[in-house]
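*Asks:* Below you'll find the structure I mean.
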Amino acid sequence: EGGLALEVMARTKTTLRSPDTGLPRTQNGKQLATKSARKCILPPSPPSKRQKLEEDDDEASTSSARKVCVTATTLNFVRKTRDECVDMAIKTIREAVLNAPTEHRHIVLLPELFSGEYFPSQMDERHFDLAEEYETSKLLEKMSVVAKKFEVVLPISFFERSGQAFFNSVCVIDATGEKLGVYRKSHIPMSPGYEEKFFFSPGDTGFKVFETKYARIGVGICWDQWFPEAARCMALQGAELLLYPTAIGSEPQDAELESGEHWRRVMQGHAAANMVPVVASNRNGVETSSDPTDETVETEIEFYGGSFICNETGKVVRETNLPEDICEHDYVQHTFDLDVISKKRASWGLFRDRRPDLYKSLLSLDGK
């Protein structure tokens with residue numbers, strides 16, 4: 001394991017020397033920014049910055065033993081190899097942990113399918129070769145080493161194969177490097193540019209809560225985040241944080257459709273309705289893919305980043321860059337006192353006053 005950890009760090013250093021990624025010049029006939037995507041590499045924080053992070057955190061209690069620092073990330077995967085994408089993710093984790101208040105526990109969330117460009121934009125059967133078995137995944141093995149080295153909890157999004165079935169999955173890796181299990185995406189979208197039903201079966205794990213070293217976390221994957229039932233199920237199971245790795249951007253069939261604010265508000269609602277903080281991490285940059293049957297036909301998606309953290313009332317307390325300010329990688333952090341939030345949640349009575357006997361219509365598609 002020590003050798004593998006050294007290999008991980010060596011690969012991270014290689015990424016720092018790689019050239020910047022250029023942005024496509026046009027989208028929907030409009031000129032895009034001509035500057036190259038810059039690297040948002042943050043230097044190690046001086047003590048004053050760490051102190052400021054703690055002072056700005058209105059949720060943290062200085063006497064609590066259950067303060068957890070969560071990190072939302074935005075990564076740009078445009079024209080990068082899969083190895084480069086993973087190296088960038090590891091570099092971001094390292095920076096986030098080193099720049100966070102050192103005495104806090106760390107949970108870092110990466111975007112959905114972060115090990116490469118978003119391949120479900122086209123129905124291309126060649127991409128089935130990217131899937132890995134949970135037990136033998138090289139990606140999960142590498143990220144387990146990272147989790148252990150930096151003592152960080154990592155929900156890792158990956159393309160899973162199990163027998164003849166394929167899933168869009170998350171493996172939660174504890175701060176000890178142990179794999180705690182897998183959640184398989186329950187709600188599978190199918191629209192131009194997001195052809196996920198071609199690749200993924202609906203998840204069969206149900207909604208799960210993982211007991212990590214630092215917190216009980218619930219994980220939903222992208223389209224799952226639009227369903228309040230998913231968030232409520234995880235909250236009822238005791239989730240103290242809800243985390244959503246995401247790949248969302250423009251809609252190729254409708255250039256005028258702007259989903260970014262709607263996307264954010266729906267998760268703010270989950271946080272407020274359940275009094276559980278939410279962390280969402282999205283990719284950014286303009287990714288272009290060719291139709292496997294006609295390479296002259298391309299699909300272009302502008303992933304808009306905007307990763308954010310909101311508190312238990314739904315207030316956004318941290319957010320990353322906007323689409324017009326694209327960088328290679330970015331992250332934001334916030335510290336929550338889980339004991340304080342737990343007391344607030346209990347005193348508010350949201351779960352005390354529930355009426356499950358009246359909610360039977362939720363168990364059918366037509367409400368009958």
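Ordering of the structure tokens sets the chain letters (A, B, ...); residue numbers start at 1 within each chain; ligands are numbered from 1 in the order shown.
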Could you please write out, as a ChimeraX atom specification, every residue of region 217-325 of chain A that DSSP assigns to helix (DSSP H, G or I)?
*Replies:* /A:222-226,228-236,260-274,323-325
*Asks:* Identify, on the basis of only C-alpha atoms, every residue whose closest approach to region 185-199 of chain A does not exceed 7 Å; exclude the query and any residue fewer than 5 positions from it along the same chain; express the result as an MDAnalysis selection string.
*Replies:* chainID A and resid 120:123 166 168:169 220:221 223:224 252:253 299
*Asks:* Env of Pro245 (chain A): 9 Å cut, atoms = only C-alpha atoms, seq-sep filter 3 positions within chain, self excluded. Answer as an mmCIF file with C-alpha atoms, in the first residue's frame.
*Replies:*
```
data_model
loop_
_atom_site.group_PDB
_atom_site.id
_atom_site.type_symbol
_atom_site.label_atom_id
_atom_site.label_comp_id
_atom_site.auth_asym_id
_atom_site.auth_seq_id
_atom_site.Cartn_x
_atom_site.Cartn_y
_atom_site.Cartn_z
ATOM 1 C CA LEU A 109 -17.064 15.110 -2.974
ATOM 2 C CA LEU A 110 -15.968 14.751 -6.612
ATOM 3 C CA PRO A 111 -18.319 15.112 -9.624
ATOM 4 C CA GLU A 112 -20.217 12.254 -11.246
ATOM 5 C CA LEU A 113 -18.095 9.912 -13.430
ATOM 6 C CA PRO A 155 -17.737 9.008 -2.144
ATOM 7 C CA ILE A 156 -16.339 7.803 -5.484
ATOM 8 C CA SER A 157 -18.501 7.803 -8.618
ATOM 9 C CA VAL A 170 -20.884 5.405 -5.979
ATOM 10 C CA VAL A 219 -25.507 9.752 -1.472
ATOM 11 C CA GLY A 220 -27.658 10.378 -4.535
ATOM 12 C CA ILE A 221 -26.299 10.601 -8.069
ATOM 13 C CA CYS A 222 -27.205 13.502 -10.382
ATOM 14 C CA VAL A 279 -23.178 19.125 -0.900
ATOM 15 C CA ALA A 280 -23.305 19.050 -4.724
ATOM 16 C CA SER A 281 -20.270 18.738 -7.019
ATOM 17 C CA ASN A 282 -20.583 19.335 -10.775
#
```
*Asks:* Could you give me the residues within region 69-150 of chain A that DSSP places in strand (DSSP E), as a tab-separated table (two decimals) with N, CA and C atoms, in the first residue's frame?
*Replies:*
```tsv
chain	number	residue	atom	x	y	z
A	69	CYS	N	-15.61	19.06	8.11
A	69	CYS	CA	-15.35	19.96	6.99
A	69	CYS	C	-15.70	19.25	5.69
A	70	VAL	N	-16.68	19.77	4.96
A	70	VAL	CA	-17.08	19.17	3.69
A	70	VAL	C	-16.55	20.03	2.54
A	71	THR	N	-16.19	19.37	1.45
A	71	THR	CA	-15.64	20.05	0.28
A	71	THR	C	-16.45	19.70	-0.95
A	72	ALA	N	-16.92	20.74	-1.66
A	72	ALA	CA	-17.55	20.57	-2.97
A	72	ALA	C	-16.54	20.95	-4.03
A	73	THR	N	-16.42	20.16	-5.07
A	73	THR	CA	-15.41	20.39	-6.11
A	73	THR	C	-16.06	20.63	-7.47
A	74	THR	N	-15.37	21.40	-8.30
A	74	THR	CA	-15.72	21.56	-9.71
A	74	THR	C	-14.48	21.23	-10.52
A	75	LEU	N	-14.59	20.28	-11.45
A	75	LEU	CA	-13.44	19.86	-12.25
A	75	LEU	C	-13.76	19.97	-13.74
A	76	ASN	N	-12.75	20.35	-14.52
A	76	ASN	CA	-12.88	20.48	-15.97
A	76	ASN	C	-12.13	19.33	-16.63
A	105	ARG	N	-12.56	16.97	10.66
A	105	ARG	CA	-12.68	15.77	9.84
A	105	ARG	C	-13.06	16.20	8.42
A	106	HIS	N	-12.63	15.42	7.43
A	106	HIS	CA	-12.78	15.86	6.05
A	106	HIS	C	-13.61	14.88	5.23
A	107	ILE	N	-14.55	15.43	4.45
A	107	ILE	CA	-15.29	14.68	3.44
A	107	ILE	C	-15.19	15.48	2.15
A	108	VAL	N	-14.67	14.88	1.09
A	108	VAL	CA	-14.50	15.56	-0.19
A	108	VAL	C	-15.36	14.87	-1.24
A	109	LEU	N	-16.18	15.65	-1.94
A	109	LEU	CA	-17.06	15.11	-2.97
A	109	LEU	C	-16.58	15.52	-4.35
```
*Asks:* Which residue gives the smallest distance to Gly203 (chain A) among A:Phe128, A:Phe227, A:Phe167, A:Phe114, with only C-alpha atoms counted?
*Replies:*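 Nearest to Gly203 (chain A): A:Phe167.
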